[in-house]
Structures are given as C-alpha cells and as structure tokens.
>>> print(open('start.txt').read())   # compact mmCIF, C-alpha atoms
# COMPACT_ATOMS: atom_id res chain seq x y z
CA MET C 1022 394.61 205.92 148.05
CA LYS C 1023 392.89 202.91 146.50
CA LEU C 1024 393.29 200.92 149.71
CA CYS C 1025 391.83 203.77 151.70
CA ARG C 1026 388.77 203.89 149.48
CA THR C 1027 388.23 200.12 149.70
CA ARG C 1028 388.38 200.32 153.49
CA HIS C 1029 385.85 203.10 153.38
CA TRP C 1030 383.46 200.98 151.35
CA LEU C 1031 384.00 198.01 153.60
CA MET C 1032 383.10 200.09 156.64
CA LEU C 1033 379.96 201.37 154.99
CA LEU C 1034 379.02 197.84 154.01
CA MET C 1035 379.49 196.63 157.58
CA LEU C 1036 377.43 199.50 158.92
CA ALA C 1037 374.64 198.72 156.49
CA LEU C 1038 374.81 195.04 157.42
CA GLY C 1039 374.67 195.87 161.12
CA ALA C 1040 371.70 198.14 160.62
CA SER C 1041 369.83 195.55 158.61
CA LEU C 1042 370.53 192.95 161.30
CA LEU C 1043 369.13 195.27 163.94
CA THR C 1044 365.93 195.97 162.07
CA GLY C 1045 365.77 192.55 160.46
CA CYS C 1046 363.47 191.14 163.10
CA HIS C 1047 360.79 193.69 162.25
CA ARG C 1048 359.02 193.40 158.99
CA ASP C 1049 358.76 197.10 158.14
CA ASP C 1050 362.34 198.21 158.00
CA GLY C 1051 362.83 201.85 158.68
CA ILE C 1052 359.28 202.77 159.65
CA GLU C 1053 359.28 205.19 162.52
CA TRP C 1054 356.17 204.50 164.52
CA ARG C 1055 354.96 207.21 166.86
CA LEU C 1056 352.99 204.84 169.06
CA THR C 1057 354.74 202.13 171.10
CA ASN C 1058 355.90 199.36 168.80
CA VAL C 1059 354.96 196.02 170.34
CA SER C 1060 355.63 193.86 167.27
CA GLY C 1061 356.84 190.45 168.39
CA HIS C 1062 356.16 191.21 172.06
CA MET C 1063 352.46 190.42 172.26
CA PRO C 1064 350.41 187.47 171.05
CA ASP C 1065 348.24 187.55 167.91
CA LEU C 1066 344.60 188.64 168.15
CA ASP C 1067 342.63 185.68 169.45
CA PHE C 1068 339.38 185.41 171.42
CA GLN C 1069 335.97 183.73 171.55
CA LEU C 1070 333.34 186.36 172.23
CA VAL C 1071 329.87 187.50 171.17
CA ASP C 1072 329.49 190.52 168.89
CA ASP C 1073 326.80 193.21 169.18
CA GLN C 1074 324.54 191.24 166.79
CA GLY C 1075 324.61 188.32 169.21
CA LYS C 1076 326.87 186.25 166.95
CA SER C 1077 329.81 184.17 168.25
CA VAL C 1078 333.03 185.59 166.87
CA SER C 1079 336.73 184.84 167.13
CA GLY C 1080 339.86 186.85 166.45
CA LYS C 1081 340.14 185.19 163.04
CA ASP C 1082 336.87 186.83 161.93
CA TYR C 1083 338.70 190.15 161.86
CA ARG C 1084 341.66 189.04 159.73
CA GLY C 1085 341.97 191.39 156.80
CA LYS C 1086 341.19 194.39 158.99
CA VAL C 1087 343.45 196.55 161.10
CA VAL C 1088 342.00 196.20 164.61
CA LEU C 1089 341.91 198.79 167.37
CA LEU C 1090 341.15 196.88 170.59
CA TYR C 1091 339.89 198.80 173.61
CA PHE C 1092 338.49 197.55 176.93
CA GLY C 1093 335.66 199.48 178.59
CA TYR C 1094 332.00 199.36 179.62
CA THR C 1095 328.85 201.23 178.65
CA HIS C 1096 328.01 202.52 182.15
CA CYS C 1097 331.27 204.46 182.04
CA PRO C 1098 330.03 208.00 181.36
CA ASP C 1099 333.33 209.80 180.88
CA VAL C 1100 336.54 208.04 179.82
CA CYS C 1101 335.10 205.32 177.55
CA PRO C 1102 332.96 207.74 175.51
CA LEU C 1103 335.89 210.13 175.34
CA THR C 1104 338.19 207.41 173.98
CA LEU C 1105 335.58 206.17 171.48
CA ALA C 1106 334.78 209.74 170.36
CA GLN C 1107 338.49 210.32 169.80
CA LEU C 1108 338.79 207.08 167.84
CA HIS C 1109 335.84 208.21 165.73
CA VAL C 1110 337.68 211.44 164.90
CA VAL C 1111 340.79 209.40 164.02
CA MET C 1112 338.70 207.18 161.70
CA GLN C 1113 337.18 210.23 160.04
CA ARG C 1114 340.61 211.73 159.48
CA LEU C 1115 341.76 208.48 157.83
CA GLY C 1116 339.09 208.92 155.17
CA PRO C 1117 338.30 205.90 152.95
CA LEU C 1118 341.31 204.02 154.43
CA ALA C 1119 339.32 203.69 157.67
CA ASP C 1120 337.12 201.07 156.00
CA GLY C 1121 340.09 198.73 156.40
CA ALA C 1122 339.96 199.17 160.19
CA ARG C 1123 337.62 198.04 162.98
CA ILE C 1124 337.29 199.37 166.51
CA LEU C 1125 336.68 196.40 168.82
CA PHE C 1126 335.18 197.64 172.08
CA VAL C 1127 335.39 194.77 174.57
CA SER C 1128 333.14 195.01 177.63
CA VAL C 1129 334.71 194.44 181.04
CA ASP C 1130 331.16 194.49 182.46
CA PRO C 1131 329.37 191.60 180.69
CA ALA C 1132 326.67 191.47 183.40
CA ARG C 1133 325.20 194.79 182.18
CA ASP C 1134 326.56 194.87 178.63
CA THR C 1135 324.30 192.63 176.59
CA PRO C 1136 324.70 192.56 172.78
CA GLU C 1137 321.65 194.89 172.43
CA VAL C 1138 323.11 197.49 174.79
CA MET C 1139 326.49 197.19 173.09
CA HIS C 1140 324.98 197.53 169.61
CA ALA C 1141 323.28 200.85 170.32
CA TYR C 1142 326.31 202.05 172.22
CA VAL C 1143 329.10 201.42 169.68
CA ASN C 1144 327.00 202.61 166.75
CA ALA C 1145 326.48 205.94 168.48
CA PHE C 1146 330.22 206.48 168.04
CA ASP C 1147 331.33 205.01 164.75
CA PRO C 1148 329.87 202.70 162.10
CA ARG C 1149 333.16 200.75 162.08
CA ALA C 1150 332.97 199.99 165.80
CA VAL C 1151 332.00 196.53 167.04
CA GLY C 1152 330.91 195.80 170.60
CA LEU C 1153 332.15 192.52 172.04
CA SER C 1154 330.86 190.86 175.16
CA GLY C 1155 330.93 187.31 176.46
CA SER C 1156 331.37 185.16 179.51
CA PRO C 1157 333.46 186.65 182.32
CA ARG C 1158 336.01 183.87 181.80
CA GLU C 1159 336.46 184.60 178.10
CA ILE C 1160 336.79 188.31 178.73
CA GLU C 1161 339.33 187.74 181.45
CA ALA C 1162 341.29 185.44 179.15
CA LEU C 1163 341.48 188.16 176.49
CA SER C 1164 342.38 190.80 179.02
CA LYS C 1165 345.17 188.63 180.49
CA ARG C 1166 346.46 187.78 177.03
CA TYR C 1167 347.35 191.45 176.56
CA ARG C 1168 348.42 192.03 180.17
CA SER C 1169 345.47 194.31 180.63
CA ALA C 1170 343.48 194.41 183.86
CA PHE C 1171 340.07 195.38 185.15
CA THR C 1172 338.51 195.55 188.61
CA ARG C 1173 334.88 195.87 189.60
CA GLU C 1174 334.67 198.57 192.25
CA PRO C 1175 332.38 198.19 195.32
CA ASP C 1176 328.66 198.80 194.75
CA ARG C 1177 327.35 202.27 195.51
CA ALA C 1178 324.27 202.90 197.64
CA ASP C 1179 322.06 202.72 194.51
CA GLY C 1180 323.40 199.27 193.59
CA GLN C 1181 325.34 200.57 190.59
CA TYR C 1182 329.10 200.17 190.29
CA GLU C 1183 332.10 201.33 188.30
CA VAL C 1184 334.78 199.19 186.70
CA SER C 1185 338.39 200.33 186.64
CA HIS C 1186 340.04 199.23 183.43
CA SER C 1187 343.10 199.49 181.23
CA SER C 1188 343.28 202.73 179.25
CA ALA C 1189 345.42 201.40 176.39
CA ILE C 1190 344.39 200.83 172.79
CA TYR C 1191 345.99 197.75 171.19
CA VAL C 1192 346.56 197.92 167.45
CA PHE C 1193 346.74 194.74 165.33
CA ASP C 1194 347.61 194.52 161.65
CA SER C 1195 345.41 192.84 159.05
CA GLN C 1196 347.11 189.51 159.76
CA GLY C 1197 346.14 189.73 163.42
CA LYS C 1198 349.68 190.49 164.62
CA ALA C 1199 349.98 192.85 167.59
CA ARG C 1200 351.82 195.91 166.30
CA LEU C 1201 351.26 199.06 168.33
CA LEU C 1202 350.11 200.27 171.71
CA ALA C 1203 348.46 203.67 172.15
CA THR C 1204 348.08 205.28 175.56
CA PRO C 1205 346.19 208.45 176.57
CA ASN C 1206 349.52 210.28 176.24
CA ASN C 1207 349.57 209.73 172.50
CA SER C 1208 348.07 212.50 170.40
CA GLN C 1209 345.39 212.06 167.77
CA ASP C 1210 348.03 213.02 165.17
CA ASP C 1211 350.20 210.08 166.30
CA MET C 1212 347.27 207.70 165.93
CA VAL C 1213 346.38 208.99 162.46
CA HIS C 1214 350.04 208.89 161.38
CA ASP C 1215 350.61 205.28 162.44
CA LEU C 1216 347.25 203.93 161.33
CA HIS C 1217 347.70 205.56 157.95
CA LEU C 1218 351.00 203.70 157.57
CA LEU C 1219 349.63 200.41 158.85
CA LEU C 1220 346.54 200.60 156.64
CA SER C 1221 348.65 201.50 153.59
CA LEU C 1222 350.89 198.48 154.25
CA GLY C 1223 347.80 196.34 154.44
CA THR C 1224 346.55 197.40 151.04
CA LYS C 1225 349.91 196.65 149.40
CA SER C 1226 350.21 193.09 150.70
CA MET Q 639 292.54 237.71 207.63
CA SER Q 640 293.72 241.32 207.49
CA PHE Q 641 295.06 240.91 210.98
CA ARG Q 642 297.13 238.00 209.84
CA VAL Q 643 298.57 240.00 206.91
CA ALA Q 644 299.33 242.91 209.18
CA CYS Q 645 301.16 240.59 211.50
CA THR Q 646 303.20 238.68 208.94
CA LEU Q 647 304.08 241.59 206.67
CA PRO Q 648 306.65 243.19 208.99
CA LEU Q 649 308.22 239.78 209.49
CA LEU Q 650 308.40 239.26 205.78
CA ILE Q 651 310.01 242.66 205.24
CA ALA Q 652 312.47 242.00 208.04
CA GLY Q 653 313.34 238.68 206.47
CA LEU Q 654 313.90 240.27 203.08
CA MET Q 655 316.16 242.92 204.60
CA VAL Q 656 318.27 240.24 206.27
CA THR Q 657 318.84 238.41 202.99
CA MET Q 658 319.57 241.65 201.13
CA THR Q 659 322.18 242.81 203.62
CA ALA Q 660 323.81 239.38 203.89
CA HIS Q 661 326.92 238.62 201.85
CA ALA Q 662 326.44 237.72 198.21
CA THR Q 663 326.18 233.98 197.69
CA GLU Q 664 328.84 231.84 195.99
CA ALA Q 665 326.50 231.21 193.07
CA GLU Q 666 326.20 234.94 192.39
CA HIS Q 667 329.92 235.10 191.60
CA ILE Q 668 330.02 232.09 189.30
CA ARG Q 669 329.75 232.31 185.55
CA ALA Q 670 329.00 229.05 183.79
CA SER Q 671 329.86 228.49 180.12
CA GLN Q 672 330.45 225.63 177.63
CA ALA Q 673 327.83 223.51 179.39
CA TRP Q 674 327.00 220.25 177.63
CA ILE Q 675 325.86 216.70 178.20
CA ARG Q 676 327.13 213.67 176.31
CA VAL Q 677 323.95 211.75 175.60
CA LEU Q 678 324.41 207.99 175.40
CA PRO Q 679 321.90 205.52 173.97
CA GLY Q 680 319.27 203.87 176.17
CA ASP Q 681 319.32 204.96 179.75
CA LEU Q 682 323.06 204.89 180.27
CA PRO Q 683 324.55 207.44 182.67
CA ALA Q 684 325.62 210.63 180.92
CA GLY Q 685 328.63 212.84 181.58
CA ALA Q 686 328.01 216.58 181.90
CA TYR Q 687 330.65 219.24 181.47
CA VAL Q 688 330.89 222.97 182.18
CA THR Q 689 333.43 225.72 182.68
CA LEU Q 690 333.00 227.65 185.93
CA GLU Q 691 334.53 231.07 186.43
CA ASN Q 692 334.61 232.67 189.85
CA THR Q 693 334.47 236.48 189.58
CA GLY Q 694 334.41 236.91 193.36
CA ASP Q 695 337.16 237.70 195.87
CA GLN Q 696 336.43 234.53 197.82
CA PRO Q 697 336.96 230.95 196.69
CA ALA Q 698 333.77 229.04 195.91
CA THR Q 699 333.07 225.34 196.12
CA LEU Q 700 331.01 223.23 193.76
CA HIS Q 701 329.30 220.75 196.02
CA GLY Q 702 327.06 218.92 193.56
CA ALA Q 703 324.16 219.39 191.20
CA HIS Q 704 320.53 218.60 190.76
CA SER Q 705 318.36 218.27 187.68
CA SER Q 706 314.66 217.53 187.50
CA ASN Q 707 315.46 215.67 184.24
CA TYR Q 708 317.51 213.02 186.03
CA ALA Q 709 316.86 210.92 189.11
CA SER Q 710 320.35 211.43 190.45
CA THR Q 711 323.47 213.47 189.84
CA MET Q 712 326.98 212.95 191.17
CA LEU Q 713 330.21 214.89 191.03
CA HIS Q 714 332.97 212.62 189.76
CA LYS Q 715 336.56 212.64 188.71
CA SER Q 716 338.20 210.37 186.16
CA SER Q 717 341.85 209.61 186.57
CA GLU Q 718 344.45 207.57 184.76
CA GLU Q 719 347.36 206.03 186.63
CA GLY Q 720 349.70 203.24 185.67
CA GLY Q 721 347.69 202.54 182.53
CA VAL Q 722 344.42 202.12 184.46
CA SER Q 723 341.38 204.41 184.15
CA ARG Q 724 339.18 204.81 187.17
CA MET Q 725 336.40 207.05 188.37
CA THR Q 726 335.97 208.37 191.91
CA MET Q 727 333.26 210.35 193.66
CA VAL Q 728 334.21 213.87 194.67
CA ASP Q 729 332.59 215.77 197.56
CA ASP Q 730 333.76 219.25 196.67
CA LEU Q 731 335.51 221.03 193.86
CA SER Q 732 337.12 224.35 194.75
CA ILE Q 733 336.96 227.27 192.34
CA PRO Q 734 339.64 229.79 193.33
CA ALA Q 735 338.81 233.51 193.69
CA HIS Q 736 339.07 235.10 190.23
CA GLY Q 737 339.89 231.65 188.93
CA LYS Q 738 338.43 229.09 186.60
CA VAL Q 739 337.72 225.38 186.78
CA GLU Q 740 336.84 223.18 183.84
CA LEU Q 741 334.70 220.10 184.13
CA SER Q 742 335.84 218.37 180.95
CA PRO Q 743 336.08 214.83 179.49
CA GLY Q 744 338.74 212.75 181.19
CA GLY Q 745 338.65 214.83 184.39
CA TYR Q 746 335.98 216.31 186.63
CA HIS Q 747 332.43 215.78 185.43
CA LEU Q 748 328.87 215.42 186.61
CA MET Q 749 327.35 211.99 186.17
CA LEU Q 750 323.64 212.20 185.38
CA MET Q 751 321.68 209.01 185.95
CA LYS Q 752 318.24 207.72 185.03
CA ALA Q 753 316.69 210.30 182.76
CA VAL Q 754 313.09 211.04 183.78
CA ALA Q 755 312.20 211.53 180.11
CA PRO Q 756 314.40 210.73 177.10
CA VAL Q 757 316.89 213.52 176.37
CA LYS Q 758 317.22 214.30 172.65
CA ILE Q 759 320.25 215.75 170.89
CA GLY Q 760 319.93 219.54 170.84
CA ASP Q 761 317.73 219.68 173.95
CA LYS Q 762 318.60 222.19 176.63
CA VAL Q 763 318.59 220.51 180.03
CA LYS Q 764 318.41 222.66 183.14
CA VAL Q 765 320.90 221.65 185.81
CA SER Q 766 321.15 223.43 189.17
CA LEU Q 767 324.73 223.66 190.30
CA ILE Q 768 324.91 223.58 194.09
CA PHE Q 769 327.66 225.47 195.90
CA GLY Q 770 329.24 225.14 199.34
CA ASP Q 771 327.00 227.78 200.98
CA GLY Q 772 323.89 226.10 199.58
CA SER Q 773 323.34 228.67 196.85
CA THR Q 774 322.43 227.37 193.41
CA LEU Q 775 323.01 228.40 189.83
CA ASP Q 776 320.59 227.21 187.15
CA THR Q 777 322.49 226.41 183.97
CA ASP Q 778 321.27 225.19 180.59
CA PHE Q 779 323.30 222.22 179.38
CA VAL Q 780 323.03 221.43 175.68
CA ALA Q 781 322.52 217.75 174.85
CA ARG Q 782 325.19 216.58 172.41
CA PRO Q 783 325.67 213.25 170.59
CA ALA Q 784 327.76 210.43 172.07
CA ASN Q 785 330.71 211.09 169.77
CA ALA Q 786 330.87 214.85 170.41
CA THR Q 787 334.17 216.17 171.70
CA GLY Q 788 332.94 219.44 173.20
CA ALA Q 789 330.08 221.91 173.69
CA SER Q 790 330.18 222.71 169.96
CA ASP Q 791 331.90 221.31 166.89
>>> encode(input="start.txt", output="structure tokens")
Amino acid sequence: MKLCRTRHWLMLLMLALGASLLTGCHRDDGIEWRLTNVSGHMPDLDFQLVDDQGKSVSGKDYRGKVVLLYFGYTHCPDVCPLTLAQLHVVMQRLGPLADGARILFVSVDPARDTPEVMHAYVNAFDPRAVGLSGSPREIEALSKRYRSAFTREPDRADGQYEVSHSSAIYVFDSQGKARLLATPNNSQDDMVHDLHLLLSLGTKS
Amino acid sequence: MSFRVACTLPLLIAGLMVTMTAHATEAEHIRASQAWIRVLPGDLPAGAYVTLENTGDQPATLHGAHSSNYASTMLHKSSEEGGVSRMTMVDDLSIPAHGKVELSPGGYHLMLMKAVAPVKIGDKVKVSLIFGDGSTLDTDFVARPANATGASD
C-alpha cells in the first residue's frame, strides 16, 4: 500500500517535471495564447526608419511598449484602413492598458508615403499609431527580417499603382521580443484577449 | 417654329412610347442600402461600400460607378491569399435574381479617386451606380471617418 502510494507520487512528479521541461523554453508557463505564438522563432524588433514626425527612429525607441507591427500603404483604400480601424477598436477595448501599446504602421510604398502623409493618415485611426517610412532598402530589410513580402504591381493607365503586401500583424512584447502573429483569420476577441495578457505581463515586470 | 414643333412632337411621343414599353432596366430592380465612404486624410483614394439587392427575376450586373465628386471611380476586389493582401480591378459584379451582394471592407468595393472638392465627415455624396444594360441608380453615400467599421456605429 505504502509502496503503491510512493510510486503514484513519483509518477506525478515525473509528469510535472516533463511538463515543466516542455514549457520551460517559454517564459510564460501555462499561458494559452489565441494568436500564433512565435516566441523564440522570430528576431527581436529592430529597424532604422523615419517616424511620421520626420525623426529617425530605431526598434529600441519602442522598448517599454507592446508593439503591433503592420505593413501597408496609404493609397490602399480598403484592406489597410480596415486593419487599422480594427486595431483601433481593439485598442479602445483594452481601455487604459492600450497606453502601453503602439501600432507601428510601416509603409511598403515610401515613394508616396512621406512623413507628412503618414502623420495625417495614422492619426485618423488611432492616437497610439505611428507611421514609419524610410529608404526602400531599410523597409525591405525590416520586411525580410519578419519573412514578410511586398510587391509593387504594374502601373495603371493613370500612373497610380497598388502594392500587394503581407496581411499579418506582428506582436512584440515590451522588451522587443517577437511574441505573437495575428492573421485576418483571428477575431478581434482573440486580439483583445492576448494583448490584455501581454500588456498585463508588461506592467508586472 | 410651329412647323418644327409639329414635326418633332410625334417623334418625341413615339420615342417615349418605345422606352415605356421596353423591359424595365436593371437599375429599376436594384435597392441600395448601407452606402458609405471611408474618408481618408488628404487626397488619398477612398473605399466606398454598399449593399445591393436585386428584386427582379433577372440577374443584374454592376459594371461600375460615376460620381461628379471624384475624378475617377473603379470597381475593385480585395483578396487575401497565402498571407498576402492584394487588390484587383473587377469588370463586372453579378447580382443574382432575388439575391443580394455586399460591397464591404476586405472584399468588393468602389475606389473613389481625386476628390473634386474636399469631402467632409457626414457629407452625403451622390454616386451613380452603372449596371450592365447601361442603366444607372443614383445613391447617396454617407462620408464616414477613416476608422469607421460600417455605415453606422
């Protein structure tokens, strides 16, 4: 009887050990993210771009904030505004916690997206949104860093053009670590749920 | 002068009779609702959305649109495939008989370019929807802010 009980405890201990080994590589043991967890699979937030005030900024300037990184362009009349409007709703639902987050809207069309254009654009969506532009090389470097892609489509008859671009939203924690990936398939509830958790973790540390 | 009137009047009446006896146009069977424009800052192209209901027994086709408030208007479709968002021009959008089609964010939409005069939030902008048979339906689109998610909150 006694032996049986000891064995039982041993098994439980081993199970617990195994579980802790499995989750040990992630820092938030037991958190069930609803978005895709990319912790440890993507590089930290790093770039050299120009913000919508015309100031040179790097990834380090946003340490201390949870960052939602999205690639798009201002001449995109449908999908980019839809995504930014949805992010605005998510920020509103987060309440005061949202002050700990920044939406970084990176232009994949730097030829047309000057800081002035970007400033008016992002502020029409959310006060916590920042528009980033820069040289084509710097933008491509950032895009490649997160295995994102964009393609300038052929010019139309009126000389204007569209840019096809990645639809994902990359989420970084306040230390600049890549944590989550949101796709258009994720609901607003999923975004609010995960950002709430991530922002709460941030305030504790 | 009176001779001219006397001559053209029968022609005019004949012409009217022809149009009256002809089949109803596609536009006459379409009901438009939830029409709105997402107004972006500056002179950036704006997306316009509307729900079209076909009350007729025949399918109708949205062929394009025209607005005196914008220099050009295009029918577009956004799509997402393999993690990439893209936008393509669309020639025609079919509205099935007794069916409904929604032009909504992330899908079909009208792209309005180069506003003739600045469009303010709350403005009603007249857009003529053009159908396959050439008939048109004038619809008031309400101008909404950039971060709106629909025709109303």
>>> residues_around(input="start.txt", residues="range 682-696 of chain Q", least_positions_apart="4", cutoff="7 Å", atoms="only C-alpha atoms", output="PyMOL selection string")
(chain C and resi 1096+1098-1099) or (chain Q and resi 667-678+733-742+747-752)
>>> write_last_selection(input="start.txt", atoms="C-alpha atoms", output="PDB file, in the frame of the given file")
ATOM      1  CA  HIS C1096     328.010 202.520 182.150  1.00  0.00           C
ATOM      2  CA  PRO C1098     330.030 208.000 181.360  1.00  0.00           C
ATOM      3  CA  ASP C1099     333.330 209.800 180.880  1.00  0.00           C
TER       4      ASP C1099
ATOM      5  CA  HIS Q 667     329.920 235.100 191.600  1.00  0.00           C
ATOM      6  CA  ILE Q 668     330.020 232.090 189.300  1.00  0.00           C
ATOM      7  CA  ARG Q 669     329.750 232.310 185.550  1.00  0.00           C
ATOM      8  CA  ALA Q 670     329.000 229.050 183.790  1.00  0.00           C
ATOM      9  CA  SER Q 671     329.860 228.490 180.120  1.00  0.00           C
ATOM     10  CA  GLN Q 672     330.450 225.630 177.630  1.00  0.00           C
ATOM     11  CA  ALA Q 673     327.830 223.510 179.390  1.00  0.00           C
ATOM     12  CA  TRP Q 674     327.000 220.250 177.630  1.00  0.00           C
ATOM     13  CA  ILE Q 675     325.860 216.700 178.200  1.00  0.00           C
ATOM     14  CA  ARG Q 676     327.130 213.670 176.310  1.00  0.00           C
ATOM     15  CA  VAL Q 677     323.950 211.750 175.600  1.00  0.00           C
ATOM     16  CA  LEU Q 678     324.410 207.990 175.400  1.00  0.00           C
ATOM     17  CA  ILE Q 733     336.960 227.270 192.340  1.00  0.00           C
ATOM     18  CA  PRO Q 734     339.640 229.790 193.330  1.00  0.00           C
ATOM     19  CA  ALA Q 735     338.810 233.510 193.690  1.00  0.00           C
ATOM     20  CA  HIS Q 736     339.070 235.100 190.230  1.00  0.00           C
ATOM     21  CA  GLY Q 737     339.890 231.650 188.930  1.00  0.00           C
ATOM     22  CA  LYS Q 738     338.430 229.090 186.600  1.00  0.00           C
ATOM     23  CA  VAL Q 739     337.720 225.380 186.780  1.00  0.00           C
ATOM     24  CA  GLU Q 740     336.840 223.180 183.840  1.00  0.00           C
ATOM     25  CA  LEU Q 741     334.700 220.100 184.130  1.00  0.00           C
ATOM     26  CA  SER Q 742     335.840 218.370 180.950  1.00  0.00           C
ATOM     27  CA  HIS Q 747     332.430 215.780 185.430  1.00  0.00           C
ATOM     28  CA  LEU Q 748     328.870 215.420 186.610  1.00  0.00           C
ATOM     29  CA  MET Q 749     327.350 211.990 186.170  1.00  0.00           C
ATOM     30  CA  LEU Q 750     323.640 212.200 185.380  1.00  0.00           C
ATOM     31  CA  MET Q 751     321.680 209.010 185.950  1.00  0.00           C
ATOM     32  CA  LYS Q 752     318.240 207.720 185.030  1.00  0.00           C
TER      33      LYS Q 752
END
>>> closest_atom_pairs(input="start.txt", of="chain C", to="chain Q", cutoff="7 Å", atoms="all atoms listed in the file", output="Markdown table")
| residue | atom | partner | partner_atom | distance |
| --- | --- | --- | --- | --- |
| C:His1096 | CA | Q:Leu682 | CA | 5.8 |
| C:Pro1098 | CA | Q:Gly685 | CA | 5.0 |
| C:Asp1099 | CA | Q:Gly685 | CA | 5.6 |
| C:Val1100 | CA | Q:Gly744 | CA | 5.4 |
| C:Pro1102 | CA | Q:Ala784 | CA | 6.8 |
| C:Leu1103 | CA | Q:Pro743 | CA | 6.3 |
| C:Ala1106 | CA | Q:Asn785 | CA | 4.3 |
| C:Ala1141 | CA | Q:Pro679 | CA | 6.1 |
| C:Tyr1142 | CA | Q:Pro679 | CA | 5.9 |
| C:Ala1145 | CA | Q:Ala784 | CA | 5.9 |
| C:Phe1146 | CA | Q:Asn785 | CA | 4.9 |
| C:Ser1185 | CA | Q:Arg724 | CA | 4.6 |
| C:His1186 | CA | Q:Val722 | CA | 5.3 |
| C:Ser1187 | CA | Q:Val722 | CA | 4.4 |
| C:Ser1188 | CA | Q:Val722 | CA | 5.4 |
| C:Ala1189 | CA | Q:Gly721 | CA | 6.6 |
>>> residues_around(input="start.txt", residues="Asp1215 in chain C", least_positions_apart="3", cutoff="12 Å", atoms="only C-alpha atoms", output="PyMOL selection string")
chain C and resi 1052-1058+1087+1089+1111+1115+1192-1194+1200-1203+1207-1212+1218-1222
>>> residues_around(input="start.txt", residues="range 1070-1086 of chain C", least_positions_apart="3", cutoff="9 Å", atoms="all atoms listed in the file", output="count of residues only")
31
>>> atom_distance(input="start.txt", atom1="CA of Val1129 in chain C", atom2="CA of Gly1180 in chain C")
17.6 Å
>>> atom_distance(input="start.txt", atom1="CA of Thr1104 in chain C", atom2="CA of Val757 in chain Q")
22.3 Å
>>> atom_distance(input="start.txt", atom1="CA of Phe769 in chain Q", atom2="CA of Ala703 in chain Q")
8.4 Å
>>> axis_aligned_box(input="start.txt", around="range 724-728 of chain Q", padding_each_side="4 Å", output="lines of an AutoDock Vina configuration file")
center_x = 336.2
center_y = 209.3
center_z = 190.9
size_x = 13.9
size_y = 17.1
size_z = 15.5
>>> residues_around(input="start.txt", residues="Asp730 in chain Q", least_positions_apart="2", cutoff="8 Å", atoms="all atoms listed in the file", output="mmCIF file with C-alpha atoms, in the frame of the given file")
data_model
loop_
_atom_site.group_PDB
_atom_site.id
_atom_site.type_symbol
_atom_site.label_atom_id
_atom_site.label_comp_id
_atom_site.auth_asym_id
_atom_site.auth_seq_id
_atom_site.Cartn_x
_atom_site.Cartn_y
_atom_site.Cartn_z
ATOM 1 C CA THR Q 699 333.070 225.340 196.120
ATOM 2 C CA LEU Q 700 331.010 223.230 193.760
ATOM 3 C CA HIS Q 701 329.300 220.750 196.020
ATOM 4 C CA GLY Q 702 327.060 218.920 193.560
ATOM 5 C CA LEU Q 713 330.210 214.890 191.030
ATOM 6 C CA VAL Q 728 334.210 213.870 194.670
ATOM 7 C CA SER Q 732 337.120 224.350 194.750
ATOM 8 C CA GLY Q 770 329.240 225.140 199.340
#
>>> decode(input="start.txt", residues="range 1148-1178 of chain C", atoms="C-alpha atoms", output="PDB file, in the first residue's frame")
ATOM      1  CA  PRO C1148      -3.653  58.319 -31.370  1.00  0.00           C
ATOM      2  CA  ARG C1149      -1.350  55.417 -30.440  1.00  0.00           C
ATOM      3  CA  ALA C1150      -0.491  54.663 -34.065  1.00  0.00           C
ATOM      4  CA  VAL C1151       2.883  55.667 -35.519  1.00  0.00           C
ATOM      5  CA  GLY C1152       3.599  55.810 -39.242  1.00  0.00           C
ATOM      6  CA  LEU C1153       7.054  54.621 -40.275  1.00  0.00           C
ATOM      7  CA  SER C1154       8.660  55.198 -43.633  1.00  0.00           C
ATOM      8  CA  GLY C1155      12.237  55.194 -44.854  1.00  0.00           C
ATOM      9  CA  SER C1156      14.526  54.189 -47.662  1.00  0.00           C
ATOM     10  CA  PRO C1157      13.375  51.254 -49.787  1.00  0.00           C
ATOM     11  CA  ARG C1158      16.411  49.294 -48.576  1.00  0.00           C
ATOM     12  CA  GLU C1159      15.605  49.790 -44.897  1.00  0.00           C
ATOM     13  CA  ILE C1160      11.980  48.861 -45.420  1.00  0.00           C
ATOM     14  CA  GLU C1161      12.932  45.755 -47.333  1.00  0.00           C
ATOM     15  CA  ALA C1162      15.362  44.789 -44.579  1.00  0.00           C
ATOM     16  CA  LEU C1163      12.589  45.021 -41.967  1.00  0.00           C
ATOM     17  CA  SER C1164      10.155  43.147 -44.155  1.00  0.00           C
ATOM     18  CA  LYS C1165      12.680  40.344 -44.801  1.00  0.00           C
ATOM     19  CA  ARG C1166      13.543  40.164 -41.112  1.00  0.00           C
ATOM     20  CA  TYR C1167       9.984  39.007 -40.418  1.00  0.00           C
ATOM     21  CA  ARG C1168       9.656  36.929 -43.593  1.00  0.00           C
ATOM     22  CA  SER C1169       7.076  39.343 -44.858  1.00  0.00           C
ATOM     23  CA  ALA C1170       6.862  40.348 -48.512  1.00  0.00           C
ATOM     24  CA  PHE C1171       5.551  43.135 -50.697  1.00  0.00           C
ATOM     25  CA  THR C1172       5.326  43.656 -54.450  1.00  0.00           C
ATOM     26  CA  ARG C1173       4.634  46.808 -56.400  1.00  0.00           C
ATOM     27  CA  GLU C1174       2.015  45.963 -59.012  1.00  0.00           C
ATOM     28  CA  PRO C1175       2.245  47.354 -62.592  1.00  0.00           C
ATOM     29  CA  ASP C1176       1.192  50.988 -63.077  1.00  0.00           C
ATOM     30  CA  ARG C1177      -2.375  51.624 -64.172  1.00  0.00           C
ATOM     31  CA  ALA C1178      -3.278  53.906 -67.073  1.00  0.00           C
TER      32      ALA C1178
END
